[in-house]
Amino acid sequence: MDKAISRDGTAIAFDKLGDGPPVIIIVGAFNDRAAGAPLAEKLASQFTTFNYDRRGRGESSDANTYEVQREVDDLAALIETAGGAACVFGYSSGAVLGLEAAKRGVPITKLALFEMPLFPGPGPRFTVDHAARLKSMLQAGDRGAAVEYFQSEVIGIPPEIVAQLRNAPFRPALEAMAQTLVYEAIIVGDGSLHDELATGVSTPTLAIAGGASFPFMRETAERLAQLLPSGRAVSLEGQTHDIVPEVLGPELEHFFQEG
């Protein structure tokens with residue numbers, strides 16, 4: 001494990017594997033770098049993979065305040081460590097962050113976005129300020145309530161499944177990173193894919209959705225391909241919102257290596 005220092009002094013922990021052109025993996029909500037490790041290992045036969053803990057998770061530190069730009073700076077610090085430019089893979093909310101970084105001028109050579117959780121339809125998906133509600137729960141010291149609120153109101157997990165997950169062995173780990181759910185809520189905003197998110201992004205981009213995932217994910221991938229001048233979409237048959245390295249890995253290898 002190594003660390004890169006972001007612009008605000010936050011230490012970002014990462015694992016570096018393999019040899020070849022650099023690829024950086026950005027995970028999503030409730031994930032630390034353990035979630036990206038199997039994919040990083042799969043890609044390491046062709047690339048140097050940088051798999052990191054986003055701020056406030058795992059072995060990365062954090063700051064007292066949050067802005068999306070701080071996480072963009074984290075990614076920029078990793079890309080600088082990787083040599084000044086890199087391919088980027090973003091998963092779920094990490095895909096939103098990757099696109100934000102490309103829009104803000106971070107030197108990303110190619111961008112792969114898997115299962116971006118934004119609705120392509122008109123109007124906001126969310127009509128409440130999820131970030132504010134989560135912050136209130138955390139200020140009251142109720143990390144469990146924040147976890148369950150995010151699961152039910154942001155992700156959309158049915159109440160009976162949320163109740164079952166209270167006793168899951170990974171529940172303590174979710175509560176440990178509960179403060180980052182505020183960050184996730186800020187990143188996804190009102191839950192809709194606004195055209196402005198893609199404005200000015202010329203980075204070659206592959207928008208990927210699982211064929212067995214939520215239908216809107218495929219619609220979002222297609223919309224991204226329309227919005228981005230160098231974008232295209234692909235649906236992986238039989239895949240859900242989970243990362244399956246044996247399926248996703250070859251798709252990424254082909255995209256990152258093609259001329």
# chains A, B, ... in the order shown; residues from 1 in each chain; ligands from 1

$ select_by_dssp --residues "segment 12-234 of chain A" --states "helix (DSSP H, G or I)" --output "PyMOL selection string"
chain A and resi 33-43+68-81+93-103+130-139+143-155+159-165+171-176+180-188+195-198+215-227

$ residues_around --residues "Ile186 of chain A" --least-positions-apart "5" --cutoff "10 Å" --atoms "only C-alpha atoms" --output "PyMOL selection string"
chain A and resi 66-68+129-132+180-181+191

$ closest_atom_pairs --of "segment 79-115 of chain A" --to "segment 202-216 of chain A" --cutoff "9 Å" --atoms "only C-alpha atoms" --output "JSON lines"
{"residue": "A:Ala102", "atom": "CA", "partner": "A:Thr203", "partner_atom": "CA", "distance": 7.0}
{"residue": "A:Lys103", "atom": "CA", "partner": "A:Ser202", "partner_atom": "CA", "distance": 8.5}
{"residue": "A:Ile108", "atom": "CA", "partner": "A:Thr203", "partner_atom": "CA", "distance": 7.0}
{"residue": "A:Thr109", "atom": "CA", "partner": "A:Thr203", "partner_atom": "CA", "distance": 6.4}
{"residue": "A:Lys110", "atom": "CA", "partner": "A:Pro204", "partner_atom": "CA", "distance": 5.1}
{"residue": "A:Leu111", "atom": "CA", "partner": "A:Thr205", "partner_atom": "CA", "distance": 4.7}
{"residue": "A:Ala112", "atom": "CA", "partner": "A:Leu206", "partner_atom": "CA", "distance": 4.7}
{"residue": "A:Leu113", "atom": "CA", "partner": "A:Ala207", "partner_atom": "CA", "distance": 4.8}
{"residue": "A:Phe114", "atom": "CA", "partner": "A:Ile208", "partner_atom": "CA", "distance": 4.7}
{"residue": "A:Glu115", "atom": "CA", "partner": "A:Ala209", "partner_atom": "CA", "distance": 5.0}

$ write_last_selection --atoms "C-alpha atoms" --output "compact mmCIF listing (two decimals), in the first residue's frame"
# COMPACT_ATOMS: atom_id res chain seq x y z
CA ALA A 102 -12.79 14.65 -17.17
CA LYS A 103 -15.06 17.67 -17.43
CA ILE A 108 -7.68 11.16 -18.44
CA THR A 109 -6.70 9.42 -21.68
CA LYS A 110 -9.71 7.06 -21.78
CA LEU A 111 -12.72 6.82 -19.51
CA ALA A 112 -14.83 3.72 -18.85
CA LEU A 113 -18.06 4.25 -16.90
CA PHE A 114 -19.82 1.20 -15.48
CA GLU A 115 -23.41 1.41 -14.24

$ select_by_dssp --residues "segment 157-235 of chain A" --states "strand (DSSP E or B)" --output "PyMOL selection string"
chain A and resi 192+205-210+231-235

$ residues_around --residues "Ser93 of chain A" --least-positions-apart "3" --cutoff "12 Å" --atoms "only C-alpha atoms" --output "JSON, numbers by chain"
{"A": [26, 27, 28, 29, 30, 31, 54, 68, 71, 89, 90, 96, 97, 98, 99, 100, 113, 114, 115, 116, 117, 118, 154, 155, 180, 181, 183, 184, 185, 186, 187, 188, 189, 191, 241]}

$ write_last_selection --atoms "N, CA and C atoms" --output "CSV table (one decimal), in the first residue's frame"
chain,number,residue,atom,x,y,z
A,26,ILE,N,-12.0,3.7,-9.8
A,26,ILE,CA,-12.7,4.5,-8.8
A,26,ILE,C,-14.0,3.7,-8.4
A,27,VAL,N,-14.1,3.3,-7.1
A,27,VAL,CA,-15.2,2.5,-6.7
A,27,VAL,C,-16.4,3.4,-6.3
A,28,GLY,N,-17.5,2.8,-5.9
A,28,GLY,CA,-18.7,3.5,-5.6
A,28,GLY,C,-19.1,3.6,-4.2
A,29,ALA,N,-20.3,3.8,-3.9
A,29,ALA,CA,-20.8,4.0,-2.5
A,29,ALA,C,-20.7,2.7,-1.7
A,30,PHE,N,-20.4,2.8,-0.4
A,30,PHE,CA,-20.2,1.7,0.5
A,30,PHE,C,-18.9,0.8,0.1
A,31,ASN,N,-18.1,1.3,-0.8
A,31,ASN,CA,-16.9,0.5,-1.2
A,31,ASN,C,-15.6,1.2,-0.8
A,54,ARG,N,-11.2,5.9,-1.7
A,54,ARG,CA,-11.6,7.2,-1.7
A,54,ARG,C,-11.5,7.9,-0.4
A,68,VAL,N,-17.0,18.2,-4.2
A,68,VAL,CA,-16.7,17.3,-5.2
A,68,VAL,C,-15.3,17.6,-5.8
A,71,GLU,N,-12.5,15.5,-4.3
A,71,GLU,CA,-12.3,14.1,-4.8
A,71,GLU,C,-11.7,14.2,-6.2
A,89,PHE,N,-11.3,3.9,-14.8
A,89,PHE,CA,-12.5,3.2,-14.7
A,89,PHE,C,-13.3,3.6,-13.5
A,90,GLY,N,-14.6,4.0,-13.7
A,90,GLY,CA,-15.4,4.5,-12.7
A,90,GLY,C,-16.6,3.6,-12.5
A,96,VAL,N,-19.7,8.7,-12.0
A,96,VAL,CA,-20.1,10.1,-12.0
A,96,VAL,C,-18.9,11.0,-11.7
A,97,LEU,N,-18.1,10.5,-10.7
A,97,LEU,CA,-16.9,11.2,-10.3
A,97,LEU,C,-15.9,11.3,-11.4
A,98,GLY,N,-15.7,10.1,-12.1
A,98,GLY,CA,-14.8,10.1,-13.3
A,98,GLY,C,-15.2,11.1,-14.4
A,99,LEU,N,-16.5,11.1,-14.7
A,99,LEU,CA,-16.9,12.1,-15.7
A,99,LEU,C,-16.7,13.5,-15.2
A,100,GLU,N,-17.0,13.8,-14.0
A,100,GLU,CA,-16.8,15.1,-13.4
A,100,GLU,C,-15.3,15.5,-13.6
A,113,LEU,N,-17.1,4.0,-17.9
A,113,LEU,CA,-18.1,4.2,-16.9
A,113,LEU,C,-19.0,3.1,-16.8
A,114,PHE,N,-19.0,2.4,-15.7
A,114,PHE,CA,-19.8,1.2,-15.5
A,114,PHE,C,-21.0,1.5,-14.5
A,115,GLU,N,-22.2,1.3,-15.1
A,115,GLU,CA,-23.4,1.4,-14.2
A,115,GLU,C,-23.5,2.8,-13.5
A,116,MET,N,-23.5,3.9,-14.3
A,116,MET,CA,-23.6,5.2,-13.7
A,116,MET,C,-25.1,5.3,-13.2
A,117,PRO,N,-25.3,5.7,-11.9
A,117,PRO,CA,-26.6,5.6,-11.3
A,117,PRO,C,-27.4,6.9,-11.5
A,118,LEU,N,-27.4,7.5,-12.6
A,118,LEU,CA,-28.2,8.7,-12.9
A,118,LEU,C,-29.3,8.4,-13.9
A,154,VAL,N,-31.9,6.3,-1.4
A,154,VAL,CA,-31.0,6.7,-2.6
A,154,VAL,C,-30.8,5.5,-3.5
A,155,ILE,N,-30.5,4.3,-3.0
A,155,ILE,CA,-30.3,3.2,-3.8
A,155,ILE,C,-31.6,2.6,-4.3
A,180,THR,N,-19.2,9.1,4.4
A,180,THR,CA,-19.0,9.3,3.0
A,180,THR,C,-20.3,9.2,2.2
A,181,LEU,N,-21.3,8.8,2.8
A,181,LEU,CA,-22.6,8.8,2.1
A,181,LEU,C,-23.1,10.2,1.8
A,183,TYR,N,-21.1,12.5,1.0
A,183,TYR,CA,-20.3,12.8,-0.3
A,183,TYR,C,-21.0,12.2,-1.5
A,184,GLU,N,-21.4,11.0,-1.3
A,184,GLU,CA,-22.1,10.3,-2.5
A,184,GLU,C,-23.4,11.0,-2.9
A,185,ALA,N,-24.1,11.5,-1.9
A,185,ALA,CA,-25.4,12.2,-2.2
A,185,ALA,C,-25.1,13.5,-2.9
A,186,ILE,N,-24.0,14.2,-2.5
A,186,ILE,CA,-23.6,15.4,-3.2
A,186,ILE,C,-23.2,15.1,-4.6
A,187,ILE,N,-22.5,14.0,-4.8
A,187,ILE,CA,-22.0,13.7,-6.2
A,187,ILE,C,-23.2,13.4,-7.1
A,188,VAL,N,-24.1,12.6,-6.7
A,188,VAL,CA,-25.3,12.2,-7.6
A,188,VAL,C,-26.3,13.3,-7.6
A,189,GLY,N,-26.3,14.3,-6.7
A,189,GLY,CA,-27.2,15.4,-6.8
A,189,GLY,C,-28.6,15.0,-6.8
A,191,GLY,N,-30.0,13.1,-8.8
A,191,GLY,CA,-30.2,11.8,-9.4
A,191,GLY,C,-30.4,11.7,-10.8
A,241,HIS,N,-25.5,-5.1,-11.4
A,241,HIS,CA,-24.7,-3.9,-10.9
A,241,HIS,C,-23.4,-4.3,-10.3

$ residues_around --residues "segment 246-258 of chain A" --least-positions-apart "4" --cutoff "7 Å" --atoms "only C-alpha atoms" --output "JSON, numbers by chain"
{"A": [39, 42, 43, 87, 110]}

$ closest_residue --among "A:Leu75, A:Leu227, A:Ala233, A:Ala11" --to "His194 of chain A" --atoms "only C-alpha atoms"
A:Leu227

$ residues_around --residues "segment 60-62 of chain A" --least-positions-apart "2" --cutoff "9 Å" --atoms "only C-alpha atoms" --output "list in words"
Lys3, Gly9, Thr10, Ala11, Ile12, Ala13, Phe14, Tyr52, Asp53, Arg54, Arg55, Gly56, Arg57, Gly58, Asn64, Thr65 and Tyr66 of chain A

$ residues_around --residues "Gly141 of chain A" --least-positions-apart "6" --cutoff "12 Å" --atoms "only C-alpha atoms" --output "VMD selection string"
chain A and resid 134 to 135 147 175 to 176 178 to 179
